[in-house]
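Novice: I'd like to ask you about the structure that follows.
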Amino acid sequence: MFKGSTEELKIEINRLRTNKNAVVLAHNYQIPEIQDIADYVGDSLGLSRQAAKTDADIIVFCGVHFMAETASIISPEKKVLIPDLDAGCSLADSITGDQLKAWKAQYPEAVVVSYINTTAEVKAQSDYCCTSSNAVGIVNSIPEEKQILFLPDKFLGAYTEMVTGRELTIWQGACHVHEKIGELNLAEKQREYPDAEILIHPECGCSTSCMMKSAMYFDCKDAHVYSTSGMLERAQESDAGEFVVATEIGILHRMQKENPGKEFFAASEDSVCDYMKMITLENLRDALDYEQFEVKVPADLAEKALLPIERMLQIS
Ligand code: 13P
Ligand code: SF4
């Protein structure tokens with residue numbers, strides 16, 4: 001591994017990405033140094049769009065494995081790299097291709113809507129993909145008489161059910177970081193910052209009670225549910241000066257940077273996705289230099305997995 005100061009690492013990364021015509025895409029939860037050096041920082045939908053339109057030869061994905069896999073499905077002619085192959089996702093791991101096959105067999109007429117946080121095997125058996133920013137629009141685009149299997153996140157599923165008014169059959173998966181962000185975290189922060197606006201990611205445990213207006217411990221009146229990039233847009237548009245943010249804490253870096261006059265507080269300081277934090281300047285540099293670790297979805301699987309992603313990109 002290259003050893004050098006942060007400045008030397010940044011110079012190396014810039015040199016390598018220019019020489020190799022590579023683009024660095026980073027998720028909103030990445031460590032600040034990665035967000036600051038990336039060519040594009042965004043949510044899952046924005047990152048998929050970037051992967052589709054880039055003319056770079058190499059995409060280095062600073063995020064988790066399913067995101068790199070999605071980029072490889074969308075742009076099979078590009079070399080897609082992830083700096084650490086162990087950067088996984090507990091939510092994507094909550095349903096396997098075999099489990100989906102068995103679930104579908106119970107509901108042969110149903111339409112399958114899969115969150116983008118899934119493996120290529122799961123996407124390949126799905127009718128539509130969705131992200132946190134377009135789940136409502138995707139479900140609304142499906143004829144009302146159709147039964148929908150929604151997977152794998154139970155909180156995003158419940159949120160989508162409430163906004164669309166549709167009854168969904170929901171897989172009971174969850175993200176280990178977001179499911180722990182509950183009402184009591186918000187209640188505590190609301191006591192501390194009574195004037196703060198509350199921004200909630202739909203994967204959070206607290207999003208359901210908030211949407212049902214049944215929260216017992218905190219007041220939902222100033223709460224809004226958004227994807228990570230939706231939260232960032234809201235932070236800029238809102239007149240509020242303080243925000244309590246219910247999602248992974250990596251997002252606070254960009255929020256603070258884009259809104260220097262406003263203050264942002266994590267609903268829970270423990271909300272850290274260790275998978276997202278596996279990407280560092282060191283392994284990003286090595287990824288560019290040694291062109292490692294390639295994420296390549298086999299062509300037959302990629303072809304099937306592309307259909308639900310393309311449907312999603314057309315609708316949203
Ligand atoms: P976003 O698409 O809202 O960025 O969410 C991705 C994710 O993994 C949330 O945990
Ligand atoms: Fe997956 Fe949760 Fe990490 Fe998002 S925060 S990448 S859903 S484990």
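All residue names refer to the structure tokens as shown: chains lettered A, B, ... in order, residues numbered from 1 in each chain, ligands numbered from 1 in order.
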How close does each residue of chain A get to ligand 1, giving the shortest atom pair and distance in Å to one decimal for every residue with an atom at most 9 Å away, counting only C-alpha atoms and all ligand atoms, sorted by chain and residue number, as a tab-separated table?
Specialist:
```
residue	atom	partner	partner_atom_place_in_ligand_line	distance
A:His27	CA	ligand 1	4 (O)	6.7
A:Asn28	CA	ligand 1	4 (O)	6.4
A:Tyr29	CA	ligand 1	4 (O)	7.8
A:Gly42	CA	ligand 1	4 (O)	6.7
A:Asp43	CA	ligand 1	4 (O)	3.4
A:Ser44	CA	ligand 1	2 (O)	3.8
A:Leu45	CA	ligand 1	2 (O)	6.0
A:Gly46	CA	ligand 1	2 (O)	8.0
A:Leu47	CA	ligand 1	2 (O)	8.6
A:Gly63	CA	ligand 1	8 (O)	8.8
A:Val64	CA	ligand 1	8 (O)	8.1
A:Met67	CA	ligand 1	8 (O)	8.8
A:Cys89	CA	ligand 1	8 (O)	7.6
A:Leu91	CA	ligand 1	8 (O)	8.2
A:Ile116	CA	ligand 1	2 (O)	8.0
A:Asn117	CA	ligand 1	8 (O)	6.5
A:Thr131	CA	ligand 1	2 (O)	5.5
A:Ser132	CA	ligand 1	3 (O)	5.0
A:Ser133	CA	ligand 1	3 (O)	6.4
A:Cys175	CA	ligand 1	10 (O)	7.0
A:Val177	CA	ligand 1	10 (O)	7.8
A:His178	CA	ligand 1	10 (O)	7.1
A:His201	CA	ligand 1	3 (O)	6.8
A:Pro202	CA	ligand 1	3 (O)	8.1
A:Glu203	CA	ligand 1	10 (O)	6.8
A:Cys204	CA	ligand 1	10 (O)	9.0
A:Tyr226	CA	ligand 1	3 (O)	7.2
A:Ser227	CA	ligand 1	3 (O)	3.5
A:Thr228	CA	ligand 1	3 (O)	4.0
A:Ser229	CA	ligand 1	4 (O)	6.4
A:Gly230	CA	ligand 1	3 (O)	7.6
A:Met231	CA	ligand 1	3 (O)	8.6
A:Thr247	CA	ligand 1	10 (O)	7.5
A:Glu248	CA	ligand 1	10 (O)	7.1
A:Cys273	CA	ligand 1	10 (O)	8.2
A:Met276	CA	ligand 1	8 (O)	8.9
```
Novice: Okay, now the selection with N, CA and C atoms, as a CSV table (one decimal), in the first residue's frame?
Specialist:
```
chain,number,residue,atom,x,y,z
A,27,HIS,N,-20.9,7.9,-2.4
A,27,HIS,CA,-22.2,8.0,-1.7
A,27,HIS,C,-22.1,9.1,-0.6
A,28,ASN,N,-23.3,9.6,-0.3
A,28,ASN,CA,-23.3,10.7,0.7
A,28,ASN,C,-22.9,10.2,2.1
A,29,TYR,N,-22.7,8.9,2.4
A,29,TYR,CA,-22.2,8.5,3.7
A,29,TYR,C,-20.7,8.3,3.8
A,42,GLY,N,-23.5,11.5,-4.2
A,42,GLY,CA,-25.0,11.6,-4.3
A,42,GLY,C,-25.6,10.4,-3.6
A,43,ASP,N,-27.0,10.3,-3.9
A,43,ASP,CA,-27.7,9.1,-3.3
A,43,ASP,C,-27.7,8.0,-4.4
A,44,SER,N,-28.4,6.9,-4.1
A,44,SER,CA,-28.3,5.7,-5.0
A,44,SER,C,-28.9,6.1,-6.4
A,45,LEU,N,-29.9,6.9,-6.4
A,45,LEU,CA,-30.5,7.2,-7.8
A,45,LEU,C,-29.5,8.1,-8.6
A,46,GLY,N,-29.0,9.1,-7.9
A,46,GLY,CA,-28.0,10.0,-8.6
A,46,GLY,C,-26.8,9.2,-9.0
A,47,LEU,N,-26.3,8.3,-8.2
A,47,LEU,CA,-25.1,7.6,-8.6
A,47,LEU,C,-25.4,6.6,-9.8
A,63,GLY,N,-18.5,3.4,-2.2
A,63,GLY,CA,-19.8,3.1,-1.7
A,63,GLY,C,-19.8,1.7,-1.3
A,64,VAL,N,-20.9,1.0,-1.4
A,64,VAL,CA,-20.9,-0.4,-1.0
A,64,VAL,C,-21.2,-1.3,-2.2
A,67,MET,N,-23.9,-1.2,-4.9
A,67,MET,CA,-23.9,0.1,-5.7
A,67,MET,C,-22.9,-0.1,-6.9
A,89,CYS,N,-23.6,-4.7,2.6
A,89,CYS,CA,-24.8,-3.9,3.1
A,89,CYS,C,-25.7,-4.9,3.8
A,91,LEU,N,-28.7,-4.7,4.6
A,91,LEU,CA,-30.1,-4.7,4.0
A,91,LEU,C,-30.1,-5.6,2.8
A,116,ILE,N,-33.0,-0.8,-4.5
A,116,ILE,CA,-31.7,-0.9,-5.2
A,116,ILE,C,-30.7,-1.6,-4.3
A,117,ASN,N,-30.9,-1.5,-3.0
A,117,ASN,CA,-30.0,-2.2,-2.0
A,117,ASN,C,-30.3,-3.7,-2.0
A,131,THR,N,-35.4,3.3,-5.6
A,131,THR,CA,-34.5,3.8,-4.5
A,131,THR,C,-35.4,4.5,-3.5
A,132,SER,N,-34.8,5.1,-2.5
A,132,SER,CA,-35.6,5.8,-1.5
A,132,SER,C,-36.2,7.0,-2.0
A,133,SER,N,-35.7,7.6,-3.1
A,133,SER,CA,-36.2,8.8,-3.7
A,133,SER,C,-37.3,8.6,-4.7
A,175,CYS,N,-32.1,-2.4,7.6
A,175,CYS,CA,-30.7,-2.0,7.7
A,175,CYS,C,-30.3,-1.9,9.2
A,177,VAL,N,-28.3,-0.2,10.7
A,177,VAL,CA,-28.0,1.2,11.2
A,177,VAL,C,-29.3,2.0,11.4
A,178,HIS,N,-30.1,1.9,10.3
A,178,HIS,CA,-31.4,2.8,10.4
A,178,HIS,C,-32.5,2.2,11.3
A,201,HIS,N,-34.7,9.6,7.1
A,201,HIS,CA,-34.6,8.6,5.9
A,201,HIS,C,-35.6,7.5,6.1
A,202,PRO,N,-36.3,7.1,5.0
A,202,PRO,CA,-37.4,6.2,5.1
A,202,PRO,C,-37.0,4.8,5.6
A,203,GLU,N,-35.7,4.5,5.6
A,203,GLU,CA,-35.2,3.2,6.2
A,203,GLU,C,-35.2,3.2,7.7
A,204,CYS,N,-35.5,4.4,8.4
A,204,CYS,CA,-35.4,4.5,9.8
A,204,CYS,C,-36.6,3.9,10.5
A,226,TYR,N,-37.1,11.8,3.5
A,226,TYR,CA,-36.4,12.0,2.3
A,226,TYR,C,-35.3,11.0,2.1
A,227,SER,N,-34.9,10.8,0.8
A,227,SER,CA,-33.7,10.1,0.5
A,227,SER,C,-32.5,11.0,1.0
A,228,THR,N,-31.3,10.4,0.9
A,228,THR,CA,-30.2,11.3,1.4
A,228,THR,C,-30.0,12.5,0.6
A,229,SER,N,-30.1,12.5,-0.7
A,229,SER,CA,-30.0,13.7,-1.5
A,229,SER,C,-31.2,14.6,-1.3
A,230,GLY,N,-32.4,14.0,-1.1
A,230,GLY,CA,-33.6,14.8,-0.8
A,230,GLY,C,-33.4,15.6,0.5
A,231,MET,N,-32.8,15.0,1.5
A,231,MET,CA,-32.5,15.7,2.8
A,231,MET,C,-31.5,16.8,2.5
A,247,THR,N,-30.3,9.7,10.0
A,247,THR,CA,-29.7,8.8,9.0
A,247,THR,C,-28.3,8.6,9.4
A,248,GLU,N,-27.5,7.9,8.5
A,248,GLU,CA,-26.1,7.7,8.8
A,248,GLU,C,-25.4,9.0,8.8
A,273,CYS,N,-22.4,3.5,9.4
A,273,CYS,CA,-22.4,2.3,8.6
A,273,CYS,C,-20.9,1.9,8.4
A,276,MET,N,-19.7,1.5,4.8
A,276,MET,CA,-19.4,2.7,4.0
A,276,MET,C,-18.0,3.3,4.4
```
Novice: So which residues touch range 98-112 of chain A within 12 Å, counting only C-alpha atoms, skipping near sequence neighbours fewer than 4 positions away, as a VMD selection string?
Specialist: chain A and resid 93 to 94 118 to 119 121 to 130 138 to 139 141 to 152 168 to 171 308
Novice: Run DSSP on the backbone and tell me which residues of range 49-273 of chain A come out as alpha helix (DSSP H); list them as an MDAnalysis selection string.
Specialist: chainID A and resid 49:53 65:74 97:106 120:123 135:140 154:164 183:192 205:211 228:237 251:258
Novice: Quick one: residues within 6 Å of range 52-62 of chain A, only C-alpha atoms counted, chain neighbours fewer than 5 positions away excluded, as a PyMOL selection string?
Specialist: chain A and resi 21-26+68+74+78-82
Novice: Please provide as a ChimeraX atom specification all residues within 12 Å of Asn185 in chain A, with the sequence filter that same-chain residues fewer than 4 positions apart are discarded (counting only C-alpha atoms).
Specialist: /A:178-181,189-192,198,200,204-206,217-218,244-247,265-271
Novice: Rounded to one decimal place, report the CA of Ser316 in chain A-CA of Ser48 in chain A distance in Å.
Specialist: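 CA of Ser316 in chain A sits 11.7 Å away from CA of Ser48 in chain A.
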Novice: Between A:Ile315, A:Ala305, A:Val272, A:Val297, single out the one closest to Glu77 in chain A, counting only C-alpha atoms.
Specialist: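 The closest residue to Glu77 in chain A is A:Val297.
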Novice: Return the single residue from A:Leu9, A:Leu252, A:Met278, A:Leu184 that is closest to ligand 2, with distances computed using only C-alpha atoms and all ligand atoms.
Specialist: A:Met278
Novice: Nearest to Lys10 in chain A: which of A:Ala38, A:Ala51, A:Ile73, A:Val163 is it, counting only C-alpha atoms?
Specialist: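 Among A:Ala38, A:Ala51, A:Ile73, A:Val163, it is A:Ala38 that comes nearest to Lys10 in chain A.
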Novice: Rank A:Glu258, A:Glu291, A:Asp300, A:Asp153 by their smallest atom-to-atom distance to ligand 2, using only C-alpha atoms and all ligand atoms, and report the top residue only.
Specialist: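 Among A:Glu258, A:Glu291, A:Asp300, A:Asp153, it is A:Asp153 that comes nearest to ligand 2.
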Novice: Can you tell me, as a list of chain:residue names, what residues are no more than 12 Å from Glu12 in chain A when counting only C-alpha atoms, ignoring any on the same chain fewer than 3 positions away?
Specialist: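 With the cut-off at 12 Å, the set is A:Phe2, A:Lys3, A:Gly4, A:Ser5, A:Thr6, A:Glu7, A:Glu8, A:Leu9, A:Arg15, A:Leu16, A:Arg17, A:Thr18, A:Asn19, A:Ile37, A:Leu281, A:Glu282, A:Asn283, A:Leu284, A:Arg285, A:Asp286, A:Ala287, A:Leu288, A:Asp289.
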Novice: Could you please determine the separation between CA of Met211 in chain A and CA of Phe264 in chain A in Å, to one decimal place?
Specialist: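 About the pair CA of Met211 in chain A and CA of Phe264 in chain A: they are 22.1 Å apart.
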Novice: DSSP on the backbone: what in range 22-129 of chain A comes out strand (DSSP E or B), as number ranges by chain?
Specialist: A: 22-27, 40-42, 58-62, 79-81, 111-115, 128-129
Novice: Suppose you want the space between CA of Thr96 in chain A and CA of Gln30 in chain A; what is it in Å?
Specialist: 25.8 Å
Novice: Calculated over only C-alpha atoms and all ligand atoms, which of the candidates A:Asp86, A:Glu303, A:Glu167, A:Asp222 has the smallest distance to ligand 2?
Specialist: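 Closest residue, counting only C-alpha atoms and all ligand atoms: A:Asp86.
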Novice: Name all residues at most 8 Å from Gln236 in chain A (count only C-alpha atoms; drop same-chain ones fewer than 3 positions away) and give them as a list in words.
Specialist: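 Counting only the stated atoms, we get Leu232, Glu233, Glu258 and Asn259 of chain A.
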Novice: Go ahead and save the picked residues with N, CA, C and O atoms, as a PDB file, in the first residue's frame.
Specialist:
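What ended up in part_38.pdb:
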```
ATOM      1  N   LEU A 232     -30.550  16.639   1.632  1.00  0.00           N
ATOM      2  CA  LEU A 232     -29.595  17.718   1.337  1.00  0.00           C
ATOM      3  C   LEU A 232     -30.297  18.879   0.632  1.00  0.00           C
ATOM      4  O   LEU A 232     -30.034  20.042   0.924  1.00  0.00           O
ATOM      5  N   GLU A 233     -31.209  18.551  -0.270  1.00  0.00           N
ATOM      6  CA  GLU A 233     -31.960  19.622  -0.954  1.00  0.00           C
ATOM      7  C   GLU A 233     -32.842  20.366   0.031  1.00  0.00           C
ATOM      8  O   GLU A 233     -32.914  21.597   0.031  1.00  0.00           O
ATOM      9  N   GLU A 258     -22.442  22.644   2.718  1.00  0.00           N
ATOM     10  CA  GLU A 258     -23.308  23.375   1.785  1.00  0.00           C
ATOM     11  C   GLU A 258     -24.146  24.448   2.465  1.00  0.00           C
ATOM     12  O   GLU A 258     -24.739  25.287   1.810  1.00  0.00           O
ATOM     13  N   ASN A 259     -24.225  24.393   3.801  1.00  0.00           N
ATOM     14  CA  ASN A 259     -25.072  25.334   4.539  1.00  0.00           C
ATOM     15  C   ASN A 259     -24.312  25.885   5.739  1.00  0.00           C
ATOM     16  O   ASN A 259     -24.656  25.585   6.895  1.00  0.00           O
TER      17      ASN A 259
END
```
